[in-house]
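A short write-up of the structure that comes next.
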Amino acid sequence: MKQNVKIAGAAYSGVPSVIIPTTTGGIARYVEISDTSATAADVKAGKTFYQADGTFATGTGTAADYESFDEKEF
């Protein structure tokens, strides 16, 4: 979700993320994630993700049963 932010007194509208240089020469990216809706069950077991409240979580989901359309004629 894009946000309106103020950085060093300047206002910016519709910002999806902010990239800040680090002291080691890399970057730190801050992203607004409050509109995410995934739960641990939605994410494959062992994979990691951020929840809407910003907490880091590990998925618990298993592969869903589905019909393979690779072998089906249309």
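Going through the structure tokens in order, the chains are called A, B, and so on, while each chain numbers its residues from 1 and the ligands are numbered from 1 in the order shown.
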_Near-stretch 31-47 of chain A list (9 Å; only C-alpha atoms; drop same-chain fewer than 3 positions) as a ChimeraX atom specification_ = /A:1-3,15-19,50-54,57-63
_strand (DSSP E) call set, DSSP backbone run, chain A, as a PyMOL selection string_ = chain A and resi 3-7+10-15+17-21+27-31+48-50+56-58
_What does the structure give for the distance between atom CA of A:Thr48 and atom CA of A:Ile20, in Å to one decimal?_
23.2 Å
